[in-house]
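What follows is a set of notes on a single structure, which appears directly below.
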Amino acid sequence: MASSVPRSPRYGYYALGLLTAVNLLSYINRNVIFALVEPVERDLALTDFHAGWIASSYVLVYSLAVLPFGVLSDLRSRRVVLTTGVALWSAFACLAGLSQGFVSLFLTRAAIGVGAAAAAAAGAPLVADYFPHRRAFAMGIYMSGIALGGVLGILVGGSLQAVYGWRIAMIVAGLPGFGLAVLAWRLDDPGRPPLSLSVRELLGELEMGAAKVIRTLAPLLAGTAVGGLAAWYLDRRYGTSSAADTAAFALACGLGLAVNIVTWVRQSRRSALLPPDPVPDVFQTAIDEVATAFQVVLRTPTLVYIFIGGALISFGMNGLVGWAPTLLSRTLDLTVGQVSLLLGKWGLLCGIAGTLTGGLVADMLRRRFASGRLIAAGVGFLVGAPLAFWLISIRDVELFVPVFAAAFFFLTWYNGPLTAAIFDVAPARLSATVVGAYLLFIHLAGDAVAFPLIGLLSDRFGLDRAAYLLPAMSFVGGIVVLRAGRTLRRDIEQMTRVTGEFRGAEGRRGS
């Protein structure tokens with residue numbers, strides 16, 4: 001069994017490399033589908049609308065699964081959760097290549113999201129614990145998988161598809177995960193004390209709390225059920241070409257989620273039962289941990305701003321990465337292979353440069369300003385989003401390349417700093433659960449909406465027009481992230497007073 005402390009400083013860098021590889025491969029498997037949209041649509045007789053829902057299936061399931069996996073990571077072994085997630089997504093990534101229609105591809109892509117959620121919920125807290133003093137830089141390297149994995153997925157998928165077809169491309173993208181799962185199983189978990197809760201006891205706690213879960217999520221579950229029935233009826237009446245079924249489902253789910261959030265906010269404001277230390281050493285149930293995490297988030301303005309800004313950024317950034325190959329193949333008259341090579345080559349170069357620069361700038365600013373990390377993330381979007389808006393209008397490949405390089409460089413600044421800021425204000429014992437809640441929110445309210453919405457708008461108005469919505473949302477997200485900097489210092493001080501922890505160096509000046 002792995003020890004609870006790293007064996008040497010070098011081991012921390014090995015762990016960072018392994019966890020970064022896991023995150024990178026996770027996003028390769030997530031985004032490989034976007035390089036294959038055109039051949040998949042031809043082979044399986046699908047539309048852009050179908051393709052958007054196939055992409056969204058991963059995001060929806062990922063969003064819903066990442067929170068319970070975050071809870072499990074806090075209560076049990078993060079190493080076990082990480083290993084299980086990697087093995088699970090690798091298996092279903094291979095099965096996705098055998099899909100024979102919309103339903104089978106939709107379901108296998110959704111199952112990949114379950115494994116990726118487990119890996120993400122356990123991976124980020126491990127990185128934060130390995131590098132408490134250079135967290136933004138280390139988290140920037142780890143989170144580079146979001147952008148780099150996205151462009152690598154496009155590059156790998158497009159290159160393999162051009163030679164072997166889209167099925168082989170999907171299978172090959174999933175195979176390396178089995179090797180990473182073996183290495184993840186042997187990874188040390190730093191600073192994790194022995195756990196007294198057995199698996200049987202944990203299952204018992206979860207079973208006893210099932211009724212409480214249903215009551216807590218009643219508006220969202222009701223909205224999902226009503227939306228599903230409405231979508232089924234409208235689909236039977238008007239056919240799959242109608243957007244009425246999707247609109248009804250999205251509206252009902254959105255209303256359910258909105259009611260849930262309003263309910264949680266009201267309960268948090270009325271609650272007078274929160275003890276002086278909101279993070280007890282032993283949580284009575286897994287549900288209590290989730291409730292405590294939501295109270296921490298709702299009582300921490302910085303986290304509220306980061307959640308909202310992250311959702312807008314997720315909508316814009318993941319939507320851009322997802323739809324870029326299809327957009328370029330149509331507007332620049334390029335093949336899938338040419339688009340994959342162009343985006344992959346320049347995306348890797350500028351993504352690495354932007355991610356490292358963002359982390360370095362954030363840590364440098366952090367030495368002078370408490371909100372330095374959020375300043376770096378926000379400025380990246382204020383510069384990069386307008387460049388991306390211009391990029392969509394370009395129809396000349398020679399002009400496209402430098403503008404794309406500049407836009408992607410600035411748009412990847414946020415990868416490390418934004419996540420590092422969460423760990424600055426989230427209590428250590430709740431870090432995985434808070435990150436799980438963050439990932440659930442930003443993907444459910446962000447790219448889960450962006451993929452089918454852009455597909456729907458594309459079928460009606462053209463992809464070149466629909467895509468303008470994506471950088472606009474990223475720009476607004478950058479403004480919201482900058483607003484979070486005004487409350488960061490106060491929230492760090494509050495967390496330190498309440499929990500006795502200190503998870504980030506203070507800036508010498510205020511925000």
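Labels for the structure tokens follow display order: chains A, B, ..., residues from 1 in each chain, ligands from 1.
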
TODO: Can you pull out every residue within 12 Å of Leu391 (chain A), counting only C-alpha atoms, but drop anything in the same chain fewer than 6 positions away, and send it as a list in words?
DONE: Leu320, Ala324, Leu327, Leu328, Thr331, Leu332, Gly384, Ala385, Val397, Glu398, Leu399, Phe400, Val401, Pro402, Val403, Phe404, Ala405, Ala406, Ala407, Phe408, Asp464, Ala467, Tyr468, Leu470 and Pro471 of chain A

Dump as a Markdown table the rows for residues of region 35-94 of chain A within 6 Å of region 111-134 of chain A: closest atom pair and distance in Å with one decimal, only C-alpha atoms counted, ordered by chain and rising residue number.
| residue | atom | partner | partner_atom | distance |
| --- | --- | --- | --- | --- |
| A:Tyr58 | CA | A:Gly113 | CA | 4.6 |
| A:Val61 | CA | A:Gly113 | CA | 5.6 |
| A:Tyr62 | CA | A:Gly113 | CA | 4.4 |
| A:Ala65 | CA | A:Ala117 | CA | 5.9 |
| A:Val66 | CA | A:Ala117 | CA | 4.5 |
| A:Phe69 | CA | A:Ala118 | CA | 5.4 |
| A:Gly70 | CA | A:Ala121 | CA | 4.8 |
| A:Ser73 | CA | A:Ala122 | CA | 5.8 |
| A:Arg78 | CA | A:Ala122 | CA | 5.1 |
| A:Val81 | CA | A:Ala118 | CA | 5.8 |
| A:Leu82 | CA | A:Ala119 | CA | 4.4 |
| A:Gly85 | CA | A:Gly115 | CA | 3.8 |
| A:Val86 | CA | A:Gly115 | CA | 5.9 |
| A:Leu88 | CA | A:Gly115 | CA | 5.0 |
| A:Trp89 | CA | A:Ile112 | CA | 4.3 |
| A:Phe92 | CA | A:Ile112 | CA | 5.6 |

For the selection you just gave me, I'd like the residues written to a file as a CSV table (one decimal), in the first residue's frame, keeping N, CA and C atoms.
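The file below, part.csv, is the result:
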chain,number,residue,atom,x,y,z
A,58,TYR,N,-20.9,13.4,-22.7
A,58,TYR,CA,-19.7,13.3,-21.9
A,58,TYR,C,-19.7,14.4,-20.8
A,61,VAL,N,-22.6,13.8,-18.0
A,61,VAL,CA,-22.3,12.8,-17.0
A,61,VAL,C,-21.1,13.1,-16.2
A,62,TYR,N,-20.1,13.7,-16.8
A,62,TYR,CA,-18.9,14.2,-16.1
A,62,TYR,C,-19.3,15.1,-15.0
A,65,ALA,N,-21.1,13.3,-12.1
A,65,ALA,CA,-20.3,12.3,-11.4
A,65,ALA,C,-19.1,12.9,-10.6
A,66,VAL,N,-18.6,14.1,-11.0
A,66,VAL,CA,-17.4,14.6,-10.4
A,66,VAL,C,-17.6,15.0,-8.9
A,69,PHE,N,-17.6,11.7,-6.7
A,69,PHE,CA,-16.2,11.2,-6.7
A,69,PHE,C,-15.3,12.1,-5.9
A,70,GLY,N,-15.6,13.4,-5.8
A,70,GLY,CA,-14.9,14.3,-4.9
A,70,GLY,C,-15.1,14.0,-3.5
A,73,SER,N,-13.3,10.9,-2.7
A,73,SER,CA,-11.8,11.2,-2.6
A,73,SER,C,-11.5,11.8,-1.2
A,78,ARG,N,-7.7,8.7,-2.4
A,78,ARG,CA,-7.7,9.4,-3.7
A,78,ARG,C,-7.0,8.6,-4.8
A,81,VAL,N,-9.5,6.1,-6.2
A,81,VAL,CA,-10.5,6.8,-7.1
A,81,VAL,C,-9.8,7.2,-8.4
A,82,LEU,N,-8.6,7.7,-8.4
A,82,LEU,CA,-7.8,8.1,-9.6
A,82,LEU,C,-7.6,6.8,-10.5
A,85,GLY,N,-10.9,5.6,-12.1
A,85,GLY,CA,-11.3,6.5,-13.2
A,85,GLY,C,-10.6,6.3,-14.5
A,86,VAL,N,-9.2,6.2,-14.4
A,86,VAL,CA,-8.4,6.1,-15.6
A,86,VAL,C,-8.7,4.8,-16.3
A,88,LEU,N,-11.5,3.1,-16.2
A,88,LEU,CA,-12.9,3.1,-16.7
A,88,LEU,C,-13.0,3.8,-18.0
A,89,TRP,N,-12.4,5.0,-18.0
A,89,TRP,CA,-12.5,5.8,-19.3
A,89,TRP,C,-11.8,5.1,-20.4
A,92,PHE,N,-14.0,2.4,-21.9
A,92,PHE,CA,-15.1,2.9,-22.7
A,92,PHE,C,-14.7,3.7,-23.9

Mind dumping a table of every region 18-132 of chain A residue within 12 Å of region 292-307 of chain A, with the nearest atom pair and its distance in Å to one decimal, using only C-alpha atoms, sorted by chain and rising number, as JSON lines?
{"residue": "A:Leu67", "atom": "CA", "partner": "A:Ala293", "partner_atom": "CA", "distance": 10.2}
{"residue": "A:Pro68", "atom": "CA", "partner": "A:Ala293", "partner_atom": "CA", "distance": 11.8}
{"residue": "A:Gly70", "atom": "CA", "partner": "A:Ala293", "partner_atom": "CA", "distance": 10.6}
{"residue": "A:Val71", "atom": "CA", "partner": "A:Ala293", "partner_atom": "CA", "distance": 9.5}
{"residue": "A:Asp74", "atom": "CA", "partner": "A:Ala293", "partner_atom": "CA", "distance": 11.2}

- [ ] Measuring atom to atom with only C-alpha atoms, identify which of A:Trp53, A:Phe34, A:Tyr11, A:Trp185 is nearest to Gly157 (chain A).
- [x]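 Distance minimum relative to Gly157 (chain A) lands on A:Phe34.
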
Mind checking which residues fall within 6 Å of Ser474 (chain A), counting only C-alpha atoms, ignoring those fewer than 4 positions away in the same chain, and posting them as a PDB file with N, CA and C atoms, in the first residue's frame?
ATOM      1  N   LEU A 312     -18.836  30.464 -17.424  1.00  0.00           N
ATOM      2  CA  LEU A 312     -18.780  31.249 -18.656  1.00  0.00           C
ATOM      3  C   LEU A 312     -17.538  30.897 -19.470  1.00  0.00           C
ATOM      4  N   ILE A 313     -16.413  30.710 -18.785  1.00  0.00           N
ATOM      5  CA  ILE A 313     -15.179  30.345 -19.470  1.00  0.00           C
ATOM      6  C   ILE A 313     -15.299  28.959 -20.079  1.00  0.00           C
ATOM      7  N   GLY A 316     -17.301  29.103 -23.259  1.00  0.00           N
ATOM      8  CA  GLY A 316     -16.578  29.669 -24.388  1.00  0.00           C
ATOM      9  C   GLY A 316     -15.383  28.857 -24.820  1.00  0.00           C
TER      10      GLY A 316
END

Open item on the list: Could you check the closest approach to Val480 (chain A) for each of A:Ile308, A:Leu411, A:Val339, A:Leu349 and tell me which residue wins, using only C-alpha atoms?
Closed with: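 Using only C-alpha atoms, the shortest distance to Val480 (chain A) belongs to A:Ile308.
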
Open item on the list: Measuring between only C-alpha atoms, which one of A:Ile28, A:Val40, A:Ala96, A:Ala45 shows the shortest distance to Gly177 (chain A)?
Closed with: A:Ile28

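Of note, CA of Phe423 (chain A) and CA of Thr84 (chain A) are spaced 24.0 Å apart.
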
Open item on the list: Would you pick out the contacts of region 350-366 of chain A at 9 Å or less, using only C-alpha atoms, so that residues sharing its chain but fewer than 3 positions from it are not included, and give the list as a ChimeraX atom specification?
Closed with: /A:134-141,143-144,147-148,151,345-347,369-377,380,404-417,505-508

Quick one: which region 51-155 of chain A residues come within 9 Å of region 165-171 of chain A, and what is the nearest atom pair for each with the distance in Å to one decimal, counting only C-alpha atoms, rows ordered by chain and ascending number, as a tab-separated table?
residue	atom	partner	partner_atom	distance
A:Ser90	CA	A:Ile171	CA	8.8
A:Ala93	CA	A:Ile171	CA	6.2
A:Cys94	CA	A:Ile171	CA	4.2
A:Leu95	CA	A:Ile171	CA	7.3
A:Ala96	CA	A:Met170	CA	6.7
A:Gly97	CA	A:Arg167	CA	4.2
A:Leu98	CA	A:Arg167	CA	6.6
A:Ser99	CA	A:Arg167	CA	8.2

TODO: Find, counting only C-alpha atoms, the residue in A:Tyr142, A:Phe475, A:Phe315, A:Trp390 that gets nearest to Thr20 (chain A).
DONE: A:Tyr142

Open item on the list: Rounded to one decimal, what separation in Å do you get between CA of Ile154 (chain A) and CA of Asp333 (chain A)?
Closed with: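 Computing the Euclidean distance for CA of Ile154 (chain A) and CA of Asp333 (chain A) yields 17.1 Å.
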
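Shortest atom-to-atom contact with Gly477 (chain A) among A:Ser393, A:Thr47, A:Ser314, A:Thr326: A:Ser314, counting only C-alpha atoms.
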
Open item on the list: Using DSSP secondary structure from the backbone, list all helix (DSSP H, G or I) positions within region 352-426 of chain A, as a ChimeraX atom specification.
Closed with: /A:352-366,372-393,397-411,415-425
